[in-house]
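So this block is target.cif, mmCIF, C-alpha atoms:
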data_coords
loop_
_atom_site.group_PDB
_atom_site.id
_atom_site.type_symbol
_atom_site.label_atom_id
_atom_site.label_comp_id
_atom_site.auth_asym_id
_atom_site.auth_seq_id
_atom_site.Cartn_x
_atom_site.Cartn_y
_atom_site.Cartn_z
ATOM 1 C CA MET A 1 0.000 0.000 0.000
ATOM 2 C CA ALA A 2 1.392 3.360 -1.001
ATOM 3 C CA ARG A 3 -0.210 6.593 0.115
ATOM 4 C CA VAL A 4 -0.933 8.821 -2.884
ATOM 5 C CA LEU A 5 -1.456 12.590 -2.648
ATOM 6 C CA LEU A 6 -2.819 14.866 -5.383
ATOM 7 C CA PHE A 7 -2.373 18.629 -5.452
ATOM 8 C CA GLY A 8 -3.915 21.607 -7.254
ATOM 9 C CA PRO A 9 -5.940 20.916 -10.410
ATOM 10 C CA LEU A 10 -5.143 17.174 -10.216
ATOM 11 C CA ARG A 11 -7.079 16.928 -6.948
ATOM 12 C CA ASP A 12 -10.108 18.682 -8.496
ATOM 13 C CA LEU A 13 -9.953 16.451 -11.587
ATOM 14 C CA ALA A 14 -9.795 13.235 -9.527
ATOM 15 C CA GLY A 15 -12.267 14.336 -6.854
ATOM 16 C CA TRP A 16 -9.979 13.059 -4.071
ATOM 17 C CA ARG A 17 -6.898 14.300 -2.293
ATOM 18 C CA GLU A 18 -5.413 11.216 -0.689
ATOM 19 C CA ARG A 19 -5.802 7.472 -1.292
ATOM 20 C CA GLU A 20 -3.999 4.198 -0.634
ATOM 21 C CA PHE A 21 -3.001 1.878 -3.465
ATOM 22 C CA ALA A 22 -1.721 -1.708 -3.255
ATOM 23 C CA VAL A 23 1.143 -1.357 -5.731
ATOM 24 C CA ALA A 24 4.888 -2.079 -5.717
ATOM 25 C CA SER A 25 6.182 0.507 -8.174
ATOM 26 C CA LEU A 26 5.407 3.877 -9.723
ATOM 27 C CA ALA A 27 4.621 2.173 -13.035
ATOM 28 C CA GLU A 28 2.084 -0.086 -11.321
ATOM 29 C CA LEU A 29 0.612 2.925 -9.553
ATOM 30 C CA ARG A 30 0.228 4.848 -12.828
ATOM 31 C CA ALA A 31 -1.424 1.813 -14.447
ATOM 32 C CA SER A 32 -3.805 1.419 -11.533
ATOM 33 C CA LEU A 33 -4.712 5.128 -11.482
ATOM 34 C CA CYS A 34 -5.231 5.051 -15.247
ATOM 35 C CA ALA A 35 -7.505 1.976 -15.045
ATOM 36 C CA ASP A 36 -9.648 3.672 -12.350
ATOM 37 C CA ASP A 37 -9.822 7.025 -14.093
ATOM 38 C CA PRO A 38 -8.343 7.395 -17.614
ATOM 39 C CA ALA A 39 -8.672 11.205 -17.576
ATOM 40 C CA LEU A 40 -6.655 11.372 -14.357
ATOM 41 C CA GLY A 41 -4.108 8.892 -15.729
ATOM 42 C CA ALA A 42 -3.581 11.110 -18.768
ATOM 43 C CA ALA A 43 -3.305 14.257 -16.619
ATOM 44 C CA LEU A 44 -0.696 12.614 -14.350
ATOM 45 C CA ALA A 45 1.447 11.908 -17.419
ATOM 46 C CA GLY A 46 1.023 15.508 -18.628
ATOM 47 C CA VAL A 47 3.737 18.090 -19.253
ATOM 48 C CA GLY A 48 5.045 19.725 -16.110
ATOM 49 C CA VAL A 49 3.646 17.177 -13.632
ATOM 50 C CA GLN A 50 6.407 16.165 -11.209
ATOM 51 C CA VAL A 51 6.413 13.216 -8.808
ATOM 52 C CA ALA A 52 7.693 13.346 -5.229
ATOM 53 C CA LEU A 53 8.465 10.080 -3.425
ATOM 54 C CA ASP A 54 8.727 10.522 0.335
ATOM 55 C CA GLN A 55 8.978 14.277 -0.234
ATOM 56 C CA ALA A 56 11.857 14.137 -2.741
ATOM 57 C CA ILE A 57 11.399 14.677 -6.500
ATOM 58 C CA VAL A 58 11.933 11.489 -8.549
ATOM 59 C CA ARG A 59 12.223 11.134 -12.300
ATOM 60 C CA GLY A 60 11.447 7.817 -13.991
ATOM 61 C CA GLU A 61 10.678 4.567 -12.210
ATOM 62 C CA ALA A 62 10.872 3.766 -8.470
ATOM 63 C CA ALA A 63 9.899 0.901 -6.169
ATOM 64 C CA LEU A 64 7.186 1.556 -3.589
ATOM 65 C CA THR A 65 6.620 0.042 -0.168
ATOM 66 C CA ALA A 66 3.729 0.134 2.280
ATOM 67 C CA ALA A 67 5.295 3.212 3.880
ATOM 68 C CA SER A 68 5.784 5.146 0.620
ATOM 69 C CA GLU A 69 4.203 8.551 0.119
ATOM 70 C CA VAL A 70 3.781 9.484 -3.540
ATOM 71 C CA ALA A 71 2.723 13.013 -4.470
ATOM 72 C CA PHE A 72 1.792 14.201 -7.959
ATOM 73 C CA LEU A 73 2.703 17.891 -8.335
ATOM 74 C CA PRO A 74 1.213 19.894 -11.233
ATOM 75 C CA PRO A 75 2.874 23.149 -12.392
ATOM 76 C CA MET A 76 3.427 25.363 -9.358
ATOM 77 C CA SER A 77 2.390 28.949 -8.741
ATOM 78 C CA GLY A 78 2.946 30.925 -5.539
ATOM 79 C CA GLY A 79 3.357 34.508 -4.349
ATOM 80 C CA MET B 1 13.621 31.325 8.394
ATOM 81 C CA ILE B 2 10.823 29.883 6.265
ATOM 82 C CA ARG B 3 7.268 29.992 7.571
ATOM 83 C CA LEU B 4 3.917 28.958 6.089
ATOM 84 C CA GLN B 5 0.792 30.123 7.867
ATOM 85 C CA GLU B 6 -2.959 30.385 7.348
ATOM 86 C CA GLN B 7 -3.299 33.469 9.576
ATOM 87 C CA PRO B 8 -2.931 36.961 8.069
ATOM 88 C CA PHE B 9 0.299 38.793 8.908
ATOM 89 C CA GLU B 10 1.363 42.414 9.345
ATOM 90 C CA PRO B 11 4.351 43.206 7.061
ATOM 91 C CA GLY B 12 5.466 46.169 9.185
ATOM 92 C CA ALA B 13 5.692 44.035 12.308
ATOM 93 C CA LEU B 14 7.694 41.366 10.435
ATOM 94 C CA LEU B 15 10.103 44.025 9.158
ATOM 95 C CA ALA B 16 10.567 45.589 12.616
ATOM 96 C CA ASP B 17 11.348 42.162 14.118
ATOM 97 C CA PHE B 18 13.701 41.291 11.270
ATOM 98 C CA CYS B 19 15.723 44.530 11.684
ATOM 99 C CA ARG B 20 16.068 44.274 15.454
ATOM 100 C CA GLY B 21 19.472 43.672 17.058
ATOM 101 C CA ARG B 22 21.702 43.755 13.982
ATOM 102 C CA ALA B 23 25.050 45.523 14.254
ATOM 103 C CA GLU B 24 26.804 44.349 11.067
ATOM 104 C CA VAL B 25 23.909 44.490 8.609
ATOM 105 C CA GLY B 26 23.847 47.666 6.533
ATOM 106 C CA ALA B 27 20.943 46.720 4.280
ATOM 107 C CA VAL B 28 17.545 45.081 4.624
ATOM 108 C CA ALA B 29 15.365 44.696 1.510
ATOM 109 C CA THR B 30 11.787 43.439 1.625
ATOM 110 C CA PHE B 31 9.026 42.472 -0.750
ATOM 111 C CA THR B 32 5.345 42.172 0.172
ATOM 112 C CA GLY B 33 2.935 40.517 -2.264
ATOM 113 C CA LEU B 34 -0.765 41.386 -1.953
ATOM 114 C CA ALA B 35 -3.762 39.506 -3.355
ATOM 115 C CA ARG B 36 -5.328 41.436 -6.255
ATOM 116 C CA ALA B 37 -9.080 41.805 -6.829
ATOM 117 C CA GLU B 38 -8.580 41.768 -10.647
ATOM 118 C CA ALA B 39 -11.476 44.217 -11.124
ATOM 119 C CA GLY B 40 -13.907 42.011 -9.229
ATOM 120 C CA GLN B 41 -12.871 38.743 -10.926
ATOM 121 C CA THR B 42 -11.202 37.443 -7.758
ATOM 122 C CA ALA B 43 -13.280 37.335 -4.587
ATOM 123 C CA ILE B 44 -10.920 34.940 -2.819
ATOM 124 C CA LEU B 45 -7.523 33.481 -3.628
ATOM 125 C CA GLU B 46 -6.841 29.960 -2.341
ATOM 126 C CA LEU B 47 -3.267 28.843 -1.820
ATOM 127 C CA GLU B 48 -2.392 25.190 -1.351
ATOM 128 C CA ALA B 49 0.996 23.882 -0.161
ATOM 129 C CA TYR B 50 2.451 20.411 0.477
ATOM 130 C CA PRO B 51 3.292 20.720 4.193
ATOM 131 C CA GLY B 52 6.872 19.704 4.924
ATOM 132 C CA PHE B 53 7.879 19.449 1.267
ATOM 133 C CA THR B 54 7.050 23.091 0.490
ATOM 134 C CA GLU B 55 9.148 24.378 3.409
ATOM 135 C CA SER B 56 12.076 22.113 2.543
ATOM 136 C CA GLU B 57 12.047 23.127 -1.157
ATOM 137 C CA ILE B 58 11.962 26.837 -0.233
ATOM 138 C CA GLY B 59 14.741 26.087 2.274
ATOM 139 C CA LYS B 60 16.942 24.784 -0.566
ATOM 140 C CA ILE B 61 16.512 27.974 -2.588
ATOM 141 C CA ALA B 62 17.067 30.040 0.564
ATOM 142 C CA ASP B 63 20.422 28.255 1.034
ATOM 143 C CA GLN B 64 21.287 29.093 -2.580
ATOM 144 C CA ALA B 65 20.380 32.740 -1.960
ATOM 145 C CA ARG B 66 22.532 32.863 1.197
ATOM 146 C CA GLN B 67 25.554 31.553 -0.723
ATOM 147 C CA ARG B 68 25.055 33.391 -3.985
ATOM 148 C CA PHE B 69 24.482 36.812 -2.400
ATOM 149 C CA GLY B 70 26.398 36.369 0.863
ATOM 150 C CA LEU B 71 23.318 37.133 2.951
ATOM 151 C CA ALA B 72 23.519 37.601 6.698
ATOM 152 C CA ASP B 73 19.916 36.430 7.091
ATOM 153 C CA LEU B 74 16.595 36.008 5.320
ATOM 154 C CA LEU B 75 12.926 35.533 6.133
ATOM 155 C CA VAL B 76 10.146 34.096 3.956
ATOM 156 C CA VAL B 77 6.550 34.132 5.251
ATOM 157 C CA HIS B 78 3.947 32.688 2.875
ATOM 158 C CA ARG B 79 0.250 32.338 3.511
ATOM 159 C CA THR B 80 -1.817 29.301 2.606
ATOM 160 C CA GLY B 81 -5.579 28.819 2.615
ATOM 161 C CA ARG B 82 -8.099 31.489 1.676
ATOM 162 C CA ILE B 83 -6.871 35.044 1.136
ATOM 163 C CA ALA B 84 -9.016 38.125 0.449
ATOM 164 C CA PRO B 85 -8.031 40.872 -2.044
ATOM 165 C CA GLY B 86 -5.737 43.443 -0.449
ATOM 166 C CA GLU B 87 -4.332 41.005 2.104
ATOM 167 C CA PRO B 88 -0.611 40.187 2.094
ATOM 168 C CA ILE B 89 0.179 36.714 0.652
ATOM 169 C CA VAL B 90 3.955 36.675 0.837
ATOM 170 C CA PHE B 91 6.704 38.563 2.660
ATOM 171 C CA VAL B 92 10.414 38.237 1.890
ATOM 172 C CA ALA B 93 13.182 40.039 3.787
ATOM 173 C CA THR B 94 16.907 39.806 3.096
ATOM 174 C CA ALA B 95 19.784 41.205 5.123
ATOM 175 C CA SER B 96 23.336 41.878 3.956
ATOM 176 C CA ARG B 97 26.268 44.223 4.606
ATOM 177 C CA HIS B 98 25.491 46.332 1.532
ATOM 178 C CA ARG B 99 22.291 47.081 -0.394
ATOM 179 C CA ARG B 100 22.943 45.475 -3.800
ATOM 180 C CA GLU B 101 23.066 41.923 -2.432
ATOM 181 C CA ALA B 102 19.927 42.457 -0.348
ATOM 182 C CA PHE B 103 17.957 43.832 -3.351
ATOM 183 C CA GLU B 104 19.101 41.077 -5.691
ATOM 184 C CA ALA B 105 18.504 38.253 -3.229
ATOM 185 C CA CYS B 106 14.972 39.520 -2.582
ATOM 186 C CA ASP B 107 14.296 39.606 -6.345
ATOM 187 C CA PHE B 108 15.799 36.106 -6.765
ATOM 188 C CA LEU B 109 13.681 34.626 -3.955
ATOM 189 C CA MET B 110 10.450 36.151 -5.286
ATOM 190 C CA ASP B 111 11.063 34.961 -8.855
ATOM 191 C CA TYR B 112 11.535 31.468 -7.480
ATOM 192 C CA LEU B 113 8.469 31.629 -5.219
ATOM 193 C CA LYS B 114 6.212 32.753 -8.103
ATOM 194 C CA SER B 115 6.885 29.841 -10.420
ATOM 195 C CA ARG B 116 8.958 27.060 -8.837
ATOM 196 C CA ALA B 117 7.979 26.781 -5.183
ATOM 197 C CA PRO B 118 5.415 24.060 -4.388
ATOM 198 C CA PHE B 119 2.244 26.148 -4.167
ATOM 199 C CA TRP B 120 -0.960 25.891 -6.147
ATOM 200 C CA LYS B 121 -3.144 28.943 -6.494
ATOM 201 C CA LYS B 122 -6.851 29.042 -7.268
ATOM 202 C CA GLU B 123 -8.941 32.108 -7.982
ATOM 203 C CA HIS B 124 -12.581 32.096 -6.789
ATOM 204 C CA GLY B 125 -14.826 34.713 -8.417
ATOM 205 C CA PRO B 126 -18.272 35.410 -9.850
ATOM 206 C CA ALA B 127 -17.355 33.411 -12.975
ATOM 207 C CA GLY B 128 -16.451 30.328 -10.921
ATOM 208 C CA GLU B 129 -13.034 29.016 -9.974
ATOM 209 C CA ARG B 130 -9.811 28.769 -11.922
ATOM 210 C CA TRP B 131 -6.322 27.399 -11.200
ATOM 211 C CA ILE B 132 -3.589 29.894 -11.966
ATOM 212 C CA GLU B 133 -0.356 28.821 -13.639
ATOM 213 C CA PRO B 134 2.830 30.879 -13.929
ATOM 214 C CA THR B 135 2.715 33.340 -16.837
ATOM 215 C CA PRO B 136 5.399 33.421 -19.574
ATOM 216 C CA ARG B 137 6.623 36.583 -17.828
ATOM 217 C CA ASP B 138 7.017 34.670 -14.526
ATOM 218 C CA GLN B 139 8.951 31.922 -16.335
ATOM 219 C CA ALA B 140 11.238 34.451 -18.037
ATOM 220 C CA ASP B 141 11.828 36.233 -14.719
ATOM 221 C CA VAL B 142 13.018 33.089 -12.932
ATOM 222 C CA ALA B 143 15.101 31.976 -15.939
ATOM 223 C CA ARG B 144 17.235 35.144 -15.533
ATOM 224 C CA TRP B 145 18.954 33.492 -12.549
ATOM 225 C CA ASP B 146 19.747 30.174 -14.281
ATOM 226 C CA THR B 147 23.227 31.224 -15.384
#

Would you encode the structure as structure tokens?
Amino acid sequence: MARVLLFGPLRDLAGWREREFAVASLAELRASLCADDPALGAALAGVGVQVALDQAIVRGEAALTAASEVAFLPPMSGG
Amino acid sequence: MIRLQEQPFEPGALLADFCRGRAEVGAVATFTGLARAEAGQTAILELEAYPGFTESEIGKIADQARQRFGLADLLVVHRTGRIAPGEPIVFVATASRHRREAFEACDFLMDYLKSRAPFWKKEHGPAGERWIEPTPRDQADVARWDT
């Protein structure tokens, strides 16, 4: 089980902010999210969406454990 | 110091605190960002952060600013949650021996905060709600420091 967090427009698109998924890798997680909600799956693969694993940005594939926290971060805007 | 908070803040009070007790600092520069009403289009601005991650990412850029500009100190206060037009959203203060470094570091930190810090900003108005992304101008501003 990995804990998945969505931020900004991704959260509105999905209709949830936080969920647990029984997956062992980021690729499995993306496949599972895509199967549940194809529009969300496409948005997560969109330009400018970054992934943080346990609060550090990761690029490409990564293994997940029960304690993993995965956050999908759309383009950022502060100030 | 980096601080996120839902409560409104008073920029003057932050500046007075930041200036207190400094003998070797000749320059303090500050920037205060206010929420705009956009001619009635924005009734409320909603700022979302990723608690823990947002502070640590801003902390990394603050370390860069300290090194690059030789700062004596800096302060970033950023609001999250719902913010009304006219209220301060962000406050940045930088302290250095001489003014140039303080001005430039303040500019550098704000350019970063506008387009690369982990915040997501939504505008609520009479026409509904809308997520705001950095403008091409914001992107060009932050790219000035990538040399």

Residues near range 29-45 of chain A, anyone? I mean within 7 Å using all atoms listed in the file, not counting same-chain ones fewer than 4 positions away, as a PDB file with C-alpha atoms, in the frame of the given file.
ATOM      1  CA  LEU A  13      -9.953  16.451 -11.587  1.00  0.00           C
ATOM      2  CA  ALA A  14      -9.795  13.235  -9.527  1.00  0.00           C
ATOM      3  CA  VAL A  23       1.143  -1.357  -5.731  1.00  0.00           C
ATOM      4  CA  SER A  25       6.182   0.507  -8.174  1.00  0.00           C
ATOM      5  CA  VAL A  49       3.646  17.177 -13.632  1.00  0.00           C
TER       6      VAL A  49
END

Can you work out which one of B:Asp111, B:Glu46, B:Glu57, B:Glu133 has the shortest atom-to-atom distance to chain A, counting only C-alpha atoms? B:Glu133

Up to 9 Å from chain A, what residues of chain B turn up? Count only C-alpha atoms and give them as a ChimeraX atom specification. /B:33-35,47-50,52-53,56,78-79,89-91,110-122,130-134

Just give me the gap between CA of Leu10 in chain A and CA of Val51 in chain A in Å, one decimal is fine.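 Pair CA of Leu10 in chain A / CA of Val51 in chain A returns 12.3 Å.
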
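Put simply, the PyMOL selection byres ((chain B and resi 76) around 9) on this file hits Met1, Ile2, Arg3, Leu4, Ile58, Ala62, Leu74, Leu75, Val77, His78, Val90, Phe91, Val92, Ala93, Thr94 and Leu109 of chain B.
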
Quick one: pull the distance between CA of Leu71 in chain B and CA of His98 in chain B, Å, one decimal.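 Answer for the CA of Leu71 in chain B to CA of His98 in chain B separation: 9.6 Å.
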
Distance cut-off 12 Å, centre (-15.7, 35.7, -14.1) in file coordinates, counting all atoms listed in the file: which residues qualify? Return them as a list in words.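 The answer, in the requested form, is Ala37, Glu38, Ala39, Gly40, Gln41, Thr42, Ala43, Glu123, His124, Gly125, Pro126, Ala127, Gly128, Glu129 and Arg130 of chain B.
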
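The interatomic distance for the pair CA of Ala105 in chain B and CA of Glu55 in chain B works out to 18.0 Å.
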
Output of the PyMOL selection byres ((chain A and resi 64-69) around 7), listed as number ranges by chain: A: 1-4, 24-26, 53-54, 62-63, 70-71

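Within the file as shown, the PyMOL selection byres ((chain B and resi 25) around 9) identifies Cys19, Arg22, Ala23, Glu24, Gly26, Ala27, Val28, Ala72, Ala95, Ser96, Arg97 and His98 of chain B.
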
Using the selection just defined, write its residues with C-alpha atoms as a compact mmCIF listing (two decimals), in the frame of the given file.
# COMPACT_ATOMS: atom_id res chain seq x y z
CA CYS B 19 15.72 44.53 11.68
CA ARG B 22 21.70 43.76 13.98
CA ALA B 23 25.05 45.52 14.25
CA GLU B 24 26.80 44.35 11.07
CA GLY B 26 23.85 47.67 6.53
CA ALA B 27 20.94 46.72 4.28
CA VAL B 28 17.55 45.08 4.62
CA ALA B 72 23.52 37.60 6.70
CA ALA B 95 19.78 41.20 5.12
CA SER B 96 23.34 41.88 3.96
CA ARG B 97 26.27 44.22 4.61
CA HIS B 98 25.49 46.33 1.53
